[in-house]
Amino acid sequence: MIIAKTIVMESRYLYLLRFILILTDLILINFCFFLGFYLTNKYYRVIDLSMYRDNVVVCNLIWIICTSIVRMYSGNTLHKIEAIFKTTWRGVALHICFFLAYMFFTNMLNFPKAFFVLFYFLTILSFILSRFTGTAFQNLLNDNFELRKSVAVIGMNNGGLHLAEYLSNQSTINFRGFLEEETAMVNERGELILSSSTQQLKKAVSSGINELYVCVDTNKMDDLKELISEGEKHCVRLNFVPNFTDFQQDFKFDKRGNFMVLSARNEPLESIDNRFRKRAFDIIVSALVILFVLSWLYPILALIIKLQSPGPIIFKQLRSGRDNTPFWCYKFRSMRMNDGNGHRQASRNDDRVTSIGRFMRKTSLDEFPQFFNVLLGHMSIIGPRPHMLSHTEQYRVIIDKYMIRQFLKPGISGWAQVSGFRGETKDAKLMEMRVEHDIWYMENWSLMLDIRIIFLTVINIFKGEEQAY
């Protein structure tokens, strides 16, 4: 199967939908803010008008930032109604967190709590009504005034079937199905039968189809010239989709200059924009943790560590980093000093672990110095856990895809860890599962996924994890 850049058909319908959503959402946010302010003034207590003016601007800016993070108005989101609903709730949830954080850091938490309750109650209710009303209106337009571009697929092979499934799920286009019924233009092997092309293209024109997608095998691309010529004669746009369904690999197309490049994997963090977002997030979060948590936690733990066993407070060890480059990874020392600390994984009831070390490992406090690694750029908040150099050399031999995880910066926590694959790995199968989760994270990264993993990590710390020892 192939993962290419999503087929986004930029039409007037899509632009109109984006414009209406952005405008109505901003109107709703401002209306709910004003109504919350008005009701609080009338029934609870008076709020100074200058506070309203200052905070409504910030509220709007935060909404714009949140919708950008969750990509609420991107073409990929607008093509599916389910995606619009999902990103809306994510955007509202993120707005609540960011707006309350703004209030906290600007010492404005004395703002009436009744206002926050009213504002977000009205916002959630308004968005529910807005989205359901918008969906009903969109269906009404589609049923009575066909504004969407009509497309069809030529080629009922495996690739064509996958393409048809994708197109049928796009709400902003009118997918008319497969063009051929009796006379096929593309056989099951992905080969073009050019003798029927004129007949089929005439049928497309008479059916009101604007674009055709032809799924053909890569070794048959030379046969397309005649089909292109026929398409242009009948004023039908043709799009050709190479059939990669026989490959057990998720490919991605990209364009570099005049060359089309087929990448072996989809890696969102290869985009400089995504790397910038992730790095900015890492710097902000790590700086806040160091400033507000480690500033008082470090001296307390340092004193207890020193009292329980002689040796340094910070344990540093060479670990495998991005592109398999070694770096010094920092941790609070949780073990007594011994020769095996640098090569042996901690195990259950390990006699090397001190009492404070056992508590730090159980609560993951021993990992907190790694926020300095994040700030220095060696690590990220979220990513594959960094392994000892000896373990990297050991597992790269027995697990085929092990080194793929080294494409990313290692993280303090990761998708594998919150999915239950953390701690000691005696069985190679467990390490293989960890690697699969790390690769899935790499191919599906988003800032919202990082935030989700952070929340799951915090929940697991308070809940307690069996593998944390």
# chains A, B, ... in the order shown; residues from 1 in each chain; ligands from 1
$ residues_around --residues "range 385-389 of chain A" --least-positions-apart "5" --cutoff "7 Å" --atoms "only C-alpha atoms" --output "count of residues only"
9
$ residues_around --residues "Pro369 in chain A" --least-positions-apart "6" --cutoff "12 Å" --atoms "only C-alpha atoms" --output "PyMOL selection string"
chain A and resi 286-287+289-290+293-295+297-298+301-302+313-316+328-333+360+375-376+379+381+412
$ write_last_selection --atoms "N, CA, C and O atoms" --output "tab-separated table (two decimals), in the first residue's frame"
chain	number	residue	atom	x	y	z
A	286	SER	N	10.36	21.86	28.84
A	286	SER	CA	11.55	21.54	29.64
A	286	SER	C	11.99	22.73	30.48
A	286	SER	O	12.38	22.57	31.65
A	287	ALA	N	11.92	23.94	29.92
A	287	ALA	CA	12.30	25.15	30.68
A	287	ALA	C	11.36	25.36	31.86
A	287	ALA	O	11.81	25.70	32.97
A	289	VAL	N	9.61	23.00	33.46
A	289	VAL	CA	9.86	21.93	34.45
A	289	VAL	C	11.12	22.25	35.25
A	289	VAL	O	11.15	22.12	36.48
A	290	ILE	N	12.18	22.67	34.56
A	290	ILE	CA	13.44	22.99	35.24
A	290	ILE	C	13.24	24.17	36.19
A	290	ILE	O	13.73	24.16	37.33
A	293	VAL	N	9.91	23.05	38.84
A	293	VAL	CA	9.91	21.75	39.54
A	293	VAL	C	11.31	21.37	40.01
A	293	VAL	O	11.55	21.17	41.20
A	294	LEU	N	12.24	21.30	39.07
A	294	LEU	CA	13.60	20.86	39.45
A	294	LEU	C	14.30	21.87	40.35
A	294	LEU	O	15.21	21.48	41.10
A	295	SER	N	13.92	23.13	40.30
A	295	SER	CA	14.56	24.15	41.13
A	295	SER	C	14.45	23.84	42.62
A	295	SER	O	15.35	24.15	43.40
A	297	LEU	N	13.01	20.51	43.63
A	297	LEU	CA	13.08	19.06	43.77
A	297	LEU	C	14.53	18.56	43.80
A	297	LEU	O	14.86	17.62	44.55
A	298	TYR	N	15.39	19.20	43.00
A	298	TYR	CA	16.78	18.75	42.89
A	298	TYR	C	17.49	18.75	44.25
A	298	TYR	O	18.08	17.73	44.63
A	301	LEU	N	16.09	15.84	46.60
A	301	LEU	CA	16.52	14.49	46.21
A	301	LEU	C	18.03	14.33	46.33
A	301	LEU	O	18.51	13.25	46.70
A	302	ALA	N	18.78	15.40	46.04
A	302	ALA	CA	20.24	15.34	46.14
A	302	ALA	C	20.67	15.01	47.57
A	302	ALA	O	21.56	14.17	47.80
A	313	ILE	N	25.39	12.61	42.58
A	313	ILE	CA	23.92	12.75	42.59
A	313	ILE	C	23.35	12.36	41.23
A	313	ILE	O	22.34	11.66	41.15
A	314	ILE	N	24.03	12.81	40.19
A	314	ILE	CA	23.59	12.52	38.82
A	314	ILE	C	24.38	11.36	38.27
A	314	ILE	O	25.60	11.32	38.33
A	315	PHE	N	23.65	10.39	37.72
A	315	PHE	CA	24.26	9.27	37.02
A	315	PHE	C	24.18	9.55	35.53
A	315	PHE	O	23.11	9.84	35.01
A	316	LYS	N	25.32	9.53	34.85
A	316	LYS	CA	25.30	9.78	33.41
A	316	LYS	C	25.85	8.55	32.68
A	316	LYS	O	26.77	7.88	33.17
A	328	TRP	N	25.41	11.73	26.29
A	328	TRP	CA	25.37	11.47	27.73
A	328	TRP	C	23.95	11.71	28.24
A	328	TRP	O	23.44	12.83	28.18
A	329	CYS	N	23.34	10.66	28.73
A	329	CYS	CA	21.98	10.73	29.25
A	329	CYS	C	22.04	10.86	30.78
A	329	CYS	O	22.74	10.09	31.45
A	330	TYR	N	21.31	11.84	31.34
A	330	TYR	CA	21.36	12.13	32.78
A	330	TYR	C	20.17	11.52	33.52
A	330	TYR	O	19.04	11.53	33.02
A	331	LYS	N	20.44	11.02	34.71
A	331	LYS	CA	19.39	10.52	35.60
A	331	LYS	C	19.82	10.79	37.04
A	331	LYS	O	21.02	10.89	37.33
A	332	PHE	N	18.83	10.89	37.95
A	332	PHE	CA	19.19	10.86	39.37
A	332	PHE	C	19.69	9.46	39.69
A	332	PHE	O	19.07	8.46	39.28
A	333	ARG	N	20.81	9.39	40.40
A	333	ARG	CA	21.38	8.07	40.71
A	333	ARG	C	20.44	7.32	41.66
A	333	ARG	O	20.12	7.81	42.74
A	360	MET	N	12.02	6.67	43.39
A	360	MET	CA	12.20	7.49	42.19
A	360	MET	C	11.88	6.71	40.93
A	360	MET	O	11.27	7.25	40.00
A	375	LEU	N	16.55	20.25	26.81
A	375	LEU	CA	16.90	21.65	26.60
A	375	LEU	C	18.16	21.78	25.75
A	375	LEU	O	18.28	22.69	24.92
A	376	LEU	N	19.12	20.85	25.95
A	376	LEU	CA	20.37	20.88	25.18
A	376	LEU	C	20.20	20.34	23.76
A	376	LEU	O	21.10	20.48	22.93
A	379	MET	N	17.68	15.19	23.42
A	379	MET	CA	16.47	14.39	23.55
A	379	MET	C	15.24	15.25	23.27
A	379	MET	O	15.34	16.46	23.11
A	381	ILE	N	10.87	15.57	24.59
A	381	ILE	CA	9.98	15.17	25.68
A	381	ILE	C	9.41	13.79	25.39
A	381	ILE	O	9.41	12.90	26.24
A	412	ILE	N	11.92	11.27	26.85
A	412	ILE	CA	11.78	10.95	28.28
A	412	ILE	C	10.69	9.91	28.47
A	412	ILE	O	10.78	9.01	29.30
$ select_by_dssp --residues "range 250-410 of chain A" --states "strand (DSSP E)" --output "ChimeraX atom specification"
/A:252-256,259-263,314-320,326-332,380-382
$ closest_residue --among "A:Gly75, A:Pro112, A:Gly159, A:Gly91" --to "Val216 in chain A" --atoms "only C-alpha atoms"
A:Gly159
$ select_by_dssp --residues "range 208-402 of chain A" --states "helix (DSSP H, G or I)" --output "compact mmCIF listing (two decimals) with N, CA, C and O atoms, in the first residue's frame"
# COMPACT_ATOMS: atom_id res chain seq x y z
N THR A 218 3.15 0.38 -12.36
CA THR A 218 4.24 1.30 -12.68
C THR A 218 4.95 0.93 -13.98
O THR A 218 5.47 1.80 -14.67
N ASN A 219 4.97 -0.35 -14.35
CA ASN A 219 5.65 -0.76 -15.57
C ASN A 219 4.81 -0.54 -16.83
O ASN A 219 5.22 -0.88 -17.94
N LYS A 220 3.59 0.02 -16.66
CA LYS A 220 2.71 0.29 -17.80
C LYS A 220 2.52 1.79 -18.02
O LYS A 220 1.62 2.20 -18.75
N MET A 221 3.38 2.61 -17.42
CA MET A 221 3.20 4.06 -17.51
C MET A 221 3.41 4.59 -18.94
O MET A 221 2.87 5.62 -19.30
N ASP A 222 4.17 3.86 -19.75
CA ASP A 222 4.42 4.31 -21.13
C ASP A 222 3.15 4.28 -21.98
O ASP A 222 3.09 4.92 -23.03
N ASP A 223 2.16 3.51 -21.54
CA ASP A 223 0.92 3.39 -22.32
C ASP A 223 -0.05 4.54 -22.10
O ASP A 223 -1.15 4.56 -22.67
N LEU A 224 0.35 5.53 -21.31
CA LEU A 224 -0.60 6.56 -20.90
C LEU A 224 -0.74 7.70 -21.91
O LEU A 224 -1.71 8.46 -21.85
N LYS A 225 0.21 7.83 -22.84
CA LYS A 225 0.20 8.97 -23.76
C LYS A 225 -1.10 9.04 -24.56
O LYS A 225 -1.71 10.10 -24.72
N GLU A 226 -1.53 7.88 -25.08
CA GLU A 226 -2.74 7.85 -25.89
C GLU A 226 -3.97 8.20 -25.04
O GLU A 226 -4.87 8.92 -25.49
N LEU A 227 -3.99 7.71 -23.80
CA LEU A 227 -5.12 7.98 -22.93
C LEU A 227 -5.18 9.46 -22.56
O LEU A 227 -6.26 10.06 -22.51
N ILE A 228 -4.01 10.08 -22.34
CA ILE A 228 -3.96 11.52 -22.04
C ILE A 228 -4.51 12.31 -23.23
O ILE A 228 -5.29 13.25 -23.07
N SER A 229 -4.10 11.90 -24.43
CA SER A 229 -4.56 12.58 -25.64
C SER A 229 -6.08 12.50 -25.78
O SER A 229 -6.75 13.49 -26.08
N GLU A 230 -6.64 11.32 -25.51
CA GLU A 230 -8.09 11.14 -25.60
C GLU A 230 -8.81 11.97 -24.53
O GLU A 230 -9.86 12.55 -24.79
N GLY A 231 -8.24 12.03 -23.34
CA GLY A 231 -8.84 12.80 -22.25
C GLY A 231 -8.91 14.27 -22.59
O GLY A 231 -9.92 14.95 -22.34
N GLU A 232 -7.82 14.81 -23.19
CA GLU A 232 -7.79 16.23 -23.54
C GLU A 232 -8.77 16.55 -24.66
O GLU A 232 -9.35 17.64 -24.70
N LYS A 233 -8.99 15.60 -25.56
CA LYS A 233 -9.96 15.81 -26.63
C LYS A 233 -11.37 15.95 -26.08
O LYS A 233 -12.21 16.66 -26.66
N PRO A 268 6.37 12.41 9.42
CA PRO A 268 5.95 13.81 9.59
C PRO A 268 7.06 14.72 10.10
O PRO A 268 7.11 15.90 9.75
N LEU A 269 7.99 14.16 10.89
CA LEU A 269 9.05 15.00 11.47
C LEU A 269 10.19 15.28 10.49
O LEU A 269 11.17 15.93 10.86
N GLU A 270 10.07 14.79 9.25
CA GLU A 270 11.01 15.21 8.21
C GLU A 270 10.65 16.60 7.69
O GLU A 270 11.44 17.23 7.01
N ILE A 272 10.26 20.43 8.09
CA ILE A 272 10.91 21.43 8.94
C ILE A 272 9.89 22.14 9.83
O ILE A 272 10.18 22.50 10.98
N ASP A 273 8.66 22.33 9.32
CA ASP A 273 7.61 22.97 10.13
C ASP A 273 7.28 22.13 11.35
O ASP A 273 7.15 22.65 12.47
N ASN A 274 7.13 20.83 11.15
CA ASN A 274 6.82 19.93 12.27
C ASN A 274 7.98 19.84 13.26
O ASN A 274 7.77 19.79 14.47
N ARG A 275 9.20 19.82 12.73
CA ARG A 275 10.37 19.78 13.63
C ARG A 275 10.45 21.04 14.48
O ARG A 275 10.80 20.99 15.66
N PHE A 276 10.12 22.19 13.85
CA PHE A 276 10.13 23.45 14.60
C PHE A 276 9.08 23.42 15.71
O PHE A 276 9.35 23.83 16.84
N ARG A 277 7.86 22.93 15.40
CA ARG A 277 6.80 22.85 16.41
C ARG A 277 7.23 21.96 17.57
O ARG A 277 7.05 22.32 18.74
N LYS A 278 7.78 20.81 17.24
CA LYS A 278 8.18 19.87 18.29
C LYS A 278 9.31 20.44 19.14
O LYS A 278 9.30 20.32 20.37
N ARG A 279 10.28 21.08 18.49
CA ARG A 279 11.41 21.65 19.23
C ARG A 279 10.96 22.80 20.12
O ARG A 279 11.40 22.91 21.27
N ALA A 280 10.08 23.67 19.59
CA ALA A 280 9.57 24.78 20.39
C ALA A 280 8.81 24.25 21.61
O ALA A 280 8.97 24.76 22.73
N PHE A 281 8.00 23.23 21.40
CA PHE A 281 7.25 22.60 22.49
C PHE A 281 8.21 22.02 23.53
O PHE A 281 8.02 22.19 24.74
N ASP A 282 9.26 21.34 23.06
CA ASP A 282 10.26 20.76 23.97
C ASP A 282 10.95 21.82 24.81
O ASP A 282 11.13 21.64 26.03
N ILE A 283 11.35 22.90 24.18
CA ILE A 283 12.07 23.97 24.90
C ILE A 283 11.18 24.60 25.96
O ILE A 283 11.59 24.79 27.11
N ILE A 284 9.93 24.90 25.59
CA ILE A 284 9.00 25.55 26.54
C ILE A 284 8.71 24.65 27.73
O ILE A 284 8.82 25.07 28.89
N VAL A 285 8.37 23.38 27.45
CA VAL A 285 8.00 22.45 28.54
C VAL A 285 9.20 22.16 29.43
O VAL A 285 9.10 22.19 30.67
N SER A 286 10.36 21.86 28.84
CA SER A 286 11.55 21.54 29.64
C SER A 286 11.99 22.73 30.48
O SER A 286 12.38 22.57 31.65
N ALA A 287 11.92 23.94 29.92
CA ALA A 287 12.30 25.15 30.68
C ALA A 287 11.36 25.36 31.86
O ALA A 287 11.81 25.70 32.97
N LEU A 288 10.05 25.13 31.65
CA LEU A 288 9.08 25.28 32.75
C LEU A 288 9.32 24.25 33.85
O LEU A 288 9.24 24.56 35.04
N VAL A 289 9.61 23.00 33.46
CA VAL A 289 9.86 21.93 34.45
C VAL A 289 11.12 22.25 35.25
O VAL A 289 11.15 22.12 36.48
N ILE A 290 12.18 22.67 34.56
CA ILE A 290 13.44 22.99 35.24
C ILE A 290 13.24 24.17 36.19
O ILE A 290 13.73 24.16 37.33
N LEU A 291 12.50 25.17 35.76
CA LEU A 291 12.32 26.40 36.54
C LEU A 291 11.40 26.18 37.74
O LEU A 291 11.69 26.62 38.86
N PHE A 292 10.29 25.48 37.52
CA PHE A 292 9.26 25.40 38.56
C PHE A 292 9.24 24.07 39.33
O PHE A 292 8.60 23.99 40.38
N VAL A 293 9.91 23.05 38.84
CA VAL A 293 9.91 21.75 39.54
C VAL A 293 11.31 21.37 40.01
O VAL A 293 11.55 21.17 41.20
N LEU A 294 12.24 21.30 39.07
CA LEU A 294 13.60 20.86 39.45
C LEU A 294 14.30 21.87 40.35
O LEU A 294 15.21 21.48 41.10
N SER A 295 13.92 23.13 40.30
CA SER A 295 14.56 24.15 41.13
C SER A 295 14.45 23.84 42.62
O SER A 295 15.35 24.15 43.40
N TRP A 296 13.33 23.20 43.03
CA TRP A 296 13.18 22.82 44.45
C TRP A 296 13.31 21.30 44.67
O TRP A 296 13.72 20.85 45.74
N LEU A 297 13.01 20.51 43.63
CA LEU A 297 13.08 19.06 43.77
C LEU A 297 14.53 18.56 43.80
O LEU A 297 14.86 17.62 44.55
N TYR A 298 15.39 19.20 43.00
CA TYR A 298 16.78 18.75 42.89
C TYR A 298 17.49 18.75 44.25
O TYR A 298 18.08 17.73 44.63
N PRO A 299 17.49 19.85 45.01
CA PRO A 299 18.22 19.84 46.29
C PRO A 299 17.66 18.83 47.29
O PRO A 299 18.41 18.24 48.07
N ILE A 300 16.34 18.61 47.28
CA ILE A 300 15.73 17.64 48.22
C ILE A 300 16.21 16.23 47.90
O ILE A 300 16.69 15.50 48.78
N LEU A 301 16.09 15.84 46.60
CA LEU A 301 16.52 14.49 46.21
C LEU A 301 18.03 14.33 46.33
O LEU A 301 18.51 13.25 46.70
N ALA A 302 18.78 15.40 46.04
CA ALA A 302 20.24 15.34 46.14
C ALA A 302 20.67 15.01 47.57
O ALA A 302 21.56 14.17 47.80
N LEU A 303 20.03 15.65 48.53
CA LEU A 303 20.35 15.42 49.94
C LEU A 303 20.05 13.97 50.35
O LEU A 303 20.88 13.30 50.98
N ILE A 304 18.88 13.47 49.97
CA ILE A 304 18.49 12.09 50.34
C ILE A 304 19.40 11.07 49.66
O ILE A 304 19.82 10.08 50.28
N ILE A 305 19.73 11.30 48.37
CA ILE A 305 20.62 10.37 47.65
C ILE A 305 21.97 10.30 48.33
O ILE A 305 22.53 9.21 48.53
N LYS A 306 22.52 11.45 48.71
CA LYS A 306 23.83 11.50 49.36
C LYS A 306 23.80 10.82 50.73
O LYS A 306 24.76 10.14 51.13
N LEU A 307 22.70 10.99 51.47
CA LEU A 307 22.59 10.39 52.79
C LEU A 307 22.49 8.87 52.72
O LEU A 307 22.97 8.16 53.61
N GLN A 308 21.89 8.35 51.65
CA GLN A 308 21.67 6.91 51.56
C GLN A 308 22.84 6.13 51.00
O GLN A 308 23.03 4.96 51.34
N ARG A 322 19.71 10.20 18.27
CA ARG A 322 19.23 10.30 16.90
C ARG A 322 20.34 9.96 15.92
O ARG A 322 21.49 10.34 16.11
N ASP A 323 20.00 9.23 14.85
CA ASP A 323 20.95 8.75 13.85
C ASP A 323 22.06 7.91 14.48
O ASP A 323 23.19 7.86 13.97
N ASN A 324 21.73 7.28 15.62
CA ASN A 324 22.64 6.39 16.34
C ASN A 324 23.88 7.11 16.87
O ASN A 324 24.93 6.49 17.07
N SER A 355 16.65 2.64 48.62
CA SER A 355 15.23 2.84 48.94
C SER A 355 14.68 4.07 48.26
O SER A 355 13.57 4.06 47.71
N ILE A 356 15.46 5.19 48.26
CA ILE A 356 15.00 6.39 47.55
C ILE A 356 15.01 6.12 46.05
O ILE A 356 14.15 6.62 45.30
N GLY A 357 15.95 5.30 45.60
CA GLY A 357 16.02 4.93 44.18
C GLY A 357 14.79 4.17 43.74
O GLY A 357 14.27 4.39 42.65
N ARG A 358 14.33 3.28 44.61
CA ARG A 358 13.13 2.49 44.28
C ARG A 358 11.91 3.42 44.15
O ARG A 358 11.08 3.25 43.26
N PHE A 359 11.83 4.39 45.05
CA PHE A 359 10.72 5.35 44.99
C PHE A 359 10.82 6.20 43.73
O PHE A 359 9.81 6.43 43.03
N MET A 360 12.02 6.67 43.39
CA MET A 360 12.20 7.49 42.19
C MET A 360 11.88 6.71 40.93
O MET A 360 11.27 7.25 40.00
N ARG A 361 12.27 5.46 40.88
CA ARG A 361 11.98 4.64 39.70
C ARG A 361 10.48 4.38 39.56
O ARG A 361 9.93 4.37 38.46
N LYS A 362 9.84 4.15 40.69
CA LYS A 362 8.39 3.87 40.66
C LYS A 362 7.61 5.08 40.18
O LYS A 362 6.60 4.96 39.48
N THR A 363 8.07 6.27 40.54
CA THR A 363 7.37 7.52 40.16
C THR A 363 8.03 8.22 38.97
O THR A 363 7.59 9.31 38.60
N LEU A 365 10.72 9.79 38.87
CA LEU A 365 11.44 11.01 39.24
C LEU A 365 12.91 10.95 38.84
O LEU A 365 13.55 11.99 38.65
N ASP A 366 13.44 9.72 38.73
CA ASP A 366 14.85 9.58 38.36
C ASP A 366 15.12 10.09 36.94
O ASP A 366 16.26 10.41 36.59
N GLU A 367 14.08 10.19 36.12
CA GLU A 367 14.25 10.63 34.73
C GLU A 367 14.25 12.17 34.60
O GLU A 367 14.55 12.68 33.52
N GLN A 370 16.67 14.46 32.71
CA GLN A 370 16.69 14.39 31.25
C GLN A 370 16.01 15.60 30.61
O GLN A 370 16.14 15.80 29.40
N PHE A 371 15.33 16.41 31.41
CA PHE A 371 14.81 17.66 30.87
C PHE A 371 15.97 18.59 30.48
O PHE A 371 15.81 19.44 29.60
N PHE A 372 17.13 18.44 31.14
CA PHE A 372 18.33 19.16 30.70
C PHE A 372 18.80 18.64 29.35
O PHE A 372 19.24 19.41 28.49
N ASN A 373 18.71 17.31 29.14
CA ASN A 373 19.03 16.73 27.83
C ASN A 373 18.13 17.30 26.75
O ASN A 373 18.57 17.56 25.62
N VAL A 374 16.86 17.47 27.11
CA VAL A 374 15.89 18.02 26.14
C VAL A 374 16.26 19.46 25.80
O VAL A 374 16.29 19.85 24.62
N LEU A 375 16.55 20.25 26.81
CA LEU A 375 16.90 21.65 26.60
C LEU A 375 18.16 21.78 25.75
O LEU A 375 18.28 22.69 24.92
N LEU A 376 19.12 20.85 25.95
CA LEU A 376 20.37 20.88 25.18
C LEU A 376 20.20 20.34 23.76
O LEU A 376 21.10 20.48 22.93
N LEU A 389 24.32 1.63 24.69
CA LEU A 389 25.01 1.32 23.43
C LEU A 389 25.11 -0.18 23.21
O LEU A 389 24.95 -0.67 22.08
N SER A 390 25.37 -0.92 24.29
CA SER A 390 25.51 -2.37 24.16
C SER A 390 24.19 -3.02 23.75
O SER A 390 24.18 -3.99 22.97
N HIS A 391 23.07 -2.49 24.24
CA HIS A 391 21.76 -3.03 23.86
C HIS A 391 21.42 -2.71 22.41
O HIS A 391 20.81 -3.53 21.71
N THR A 392 21.84 -1.52 21.95
CA THR A 392 21.61 -1.17 20.54
C THR A 392 22.35 -2.14 19.64
O THR A 392 21.78 -2.64 18.64
N GLU A 393 23.61 -2.43 19.96
CA GLU A 393 24.38 -3.38 19.16
C GLU A 393 23.79 -4.79 19.23
O GLU A 393 23.81 -5.53 18.25
N GLN A 394 23.26 -5.16 20.38
CA GLN A 394 22.69 -6.50 20.56
C GLN A 394 21.40 -6.66 19.76
O GLN A 394 21.24 -7.64 19.02
N TYR A 395 20.49 -5.69 19.88
CA TYR A 395 19.17 -5.86 19.27
C TYR A 395 19.13 -5.52 17.79
O TYR A 395 18.25 -6.00 17.07
N ARG A 396 20.08 -4.73 17.29
CA ARG A 396 20.09 -4.42 15.86
C ARG A 396 20.37 -5.67 15.04
O ARG A 396 20.02 -5.72 13.85
N VAL A 397 20.98 -6.67 15.66
CA VAL A 397 21.31 -7.92 14.97
C VAL A 397 20.10 -8.85 14.92
O VAL A 397 19.86 -9.52 13.91
N ILE A 398 19.31 -8.89 16.00
CA ILE A 398 18.23 -9.88 16.09
C ILE A 398 16.85 -9.33 15.72
O ILE A 398 15.91 -10.09 15.51
N TYR A 402 14.95 -2.66 14.02
CA TYR A 402 15.34 -2.00 15.27
C TYR A 402 15.91 -0.60 15.03
O TYR A 402 15.57 0.35 15.73
$ atom_distance --atom1 "CA of Ile128 in chain A" --atom2 "CA of Thr87 in chain A"
12.6 Å
$ closest_residue --among "A:Ala428, A:Met51, A:Ile173, A:Ile81" --to "Phe132 in chain A" --atoms "only C-alpha atoms"
A:Ile81
$ atom_distance --atom1 "CA of Asn139 in chain A" --atom2 "CA of Thr77 in chain A"
17.2 Å
$ atom_distance --atom1 "CA of Thr123 in chain A" --atom2 "CA of Val58 in chain A"
15.9 Å
$ residues_around --residues "Tyr73 in chain A" --least-positions-apart "6" --cutoff "10 Å" --atoms "only C-alpha atoms" --output "list in words"
Tyr15, Leu17, Arg18, Phe19, Leu21, Ile22, Thr67, His79, Ile84, Thr87 and Thr88 of chain A
$ write_last_selection --atoms "all heavy atoms" --output "compact mmCIF listing (two decimals), in the first residue's frame"
# COMPACT_ATOMS: atom_id res chain seq x y z
N TYR A 15 -12.86 25.75 -0.52
CA TYR A 15 -12.53 27.09 -0.05
C TYR A 15 -13.70 27.73 0.68
O TYR A 15 -13.54 28.40 1.69
CB TYR A 15 -12.10 27.97 -1.24
CG TYR A 15 -10.64 27.84 -1.58
CD1 TYR A 15 -10.23 27.12 -2.69
CD2 TYR A 15 -9.67 28.44 -0.79
CE1 TYR A 15 -8.88 26.99 -3.01
CE2 TYR A 15 -8.32 28.32 -1.08
CZ TYR A 15 -7.94 27.59 -2.20
OH TYR A 15 -6.61 27.48 -2.50
N LEU A 17 -16.15 26.14 2.23
CA LEU A 17 -16.32 25.45 3.50
C LEU A 17 -15.31 25.94 4.54
O LEU A 17 -15.65 26.20 5.70
CB LEU A 17 -16.16 23.94 3.29
CG LEU A 17 -16.31 23.04 4.52
CD1 LEU A 17 -17.70 23.18 5.14
CD2 LEU A 17 -16.06 21.58 4.16
N ARG A 18 -14.06 26.13 4.10
CA ARG A 18 -13.02 26.62 5.02
C ARG A 18 -13.35 28.03 5.51
O ARG A 18 -13.24 28.32 6.71
CB ARG A 18 -11.65 26.60 4.33
CG ARG A 18 -10.51 27.06 5.23
CD ARG A 18 -9.19 27.11 4.50
NE ARG A 18 -8.66 25.78 4.24
CZ ARG A 18 -8.43 25.29 3.03
NH1 ARG A 18 -8.71 26.01 1.96
NH2 ARG A 18 -7.94 24.08 2.88
N PHE A 19 -13.74 28.91 4.59
CA PHE A 19 -14.06 30.29 4.94
C PHE A 19 -15.23 30.36 5.92
O PHE A 19 -15.17 31.07 6.93
CB PHE A 19 -14.38 31.08 3.67
CG PHE A 19 -14.85 32.49 3.93
CD1 PHE A 19 -13.94 33.48 4.27
CD2 PHE A 19 -16.20 32.81 3.85
CE1 PHE A 19 -14.36 34.77 4.52
CE2 PHE A 19 -16.63 34.09 4.11
CZ PHE A 19 -15.72 35.09 4.44
N LEU A 21 -16.34 28.00 7.98
CA LEU A 21 -15.97 27.43 9.28
C LEU A 21 -15.15 28.42 10.11
O LEU A 21 -15.41 28.62 11.30
CB LEU A 21 -15.19 26.13 9.09
CG LEU A 21 -15.99 24.83 9.02
CD1 LEU A 21 -15.07 23.64 8.80
CD2 LEU A 21 -16.81 24.62 10.28
N ILE A 22 -14.12 29.01 9.49
CA ILE A 22 -13.26 29.96 10.22
C ILE A 22 -14.09 31.14 10.73
O ILE A 22 -13.97 31.53 11.90
CB ILE A 22 -12.11 30.46 9.31
CG1 ILE A 22 -11.15 29.31 8.99
CG2 ILE A 22 -11.36 31.60 9.98
CD1 ILE A 22 -10.09 29.66 7.96
N THR A 67 -6.39 25.98 16.85
CA THR A 67 -6.89 25.43 15.58
C THR A 67 -5.74 25.13 14.62
O THR A 67 -5.83 24.20 13.81
CB THR A 67 -7.88 26.40 14.91
OG1 THR A 67 -7.28 27.69 14.76
CG2 THR A 67 -9.16 26.50 15.73
N HIS A 79 -12.02 17.35 4.37
CA HIS A 79 -12.55 16.32 3.46
C HIS A 79 -13.40 15.28 4.19
O HIS A 79 -14.13 14.54 3.55
CB HIS A 79 -11.40 15.61 2.74
CG HIS A 79 -10.97 16.31 1.49
ND1 HIS A 79 -11.82 16.49 0.43
CD2 HIS A 79 -9.81 16.88 1.12
CE1 HIS A 79 -11.19 17.13 -0.54
NE2 HIS A 79 -9.97 17.38 -0.14
N ILE A 84 -13.57 16.77 11.12
CA ILE A 84 -13.96 18.11 11.57
C ILE A 84 -14.45 18.06 13.01
O ILE A 84 -14.06 18.87 13.85
CB ILE A 84 -15.06 18.70 10.65
CG1 ILE A 84 -14.51 18.92 9.24
CG2 ILE A 84 -15.58 20.02 11.22
CD1 ILE A 84 -15.57 19.36 8.23
N THR A 87 -11.36 17.24 15.42
CA THR A 87 -10.44 18.36 15.64
C THR A 87 -11.11 19.50 16.41
O THR A 87 -10.44 20.25 17.12
CB THR A 87 -9.89 18.89 14.30
OG1 THR A 87 -10.99 19.19 13.42
CG2 THR A 87 -8.97 17.88 13.64
N THR A 88 -12.43 19.62 16.26
CA THR A 88 -13.15 20.66 17.01
C THR A 88 -13.04 20.43 18.50
O THR A 88 -12.72 21.33 19.27
CB THR A 88 -14.64 20.69 16.60
OG1 THR A 88 -14.75 21.00 15.20
CG2 THR A 88 -15.40 21.76 17.40
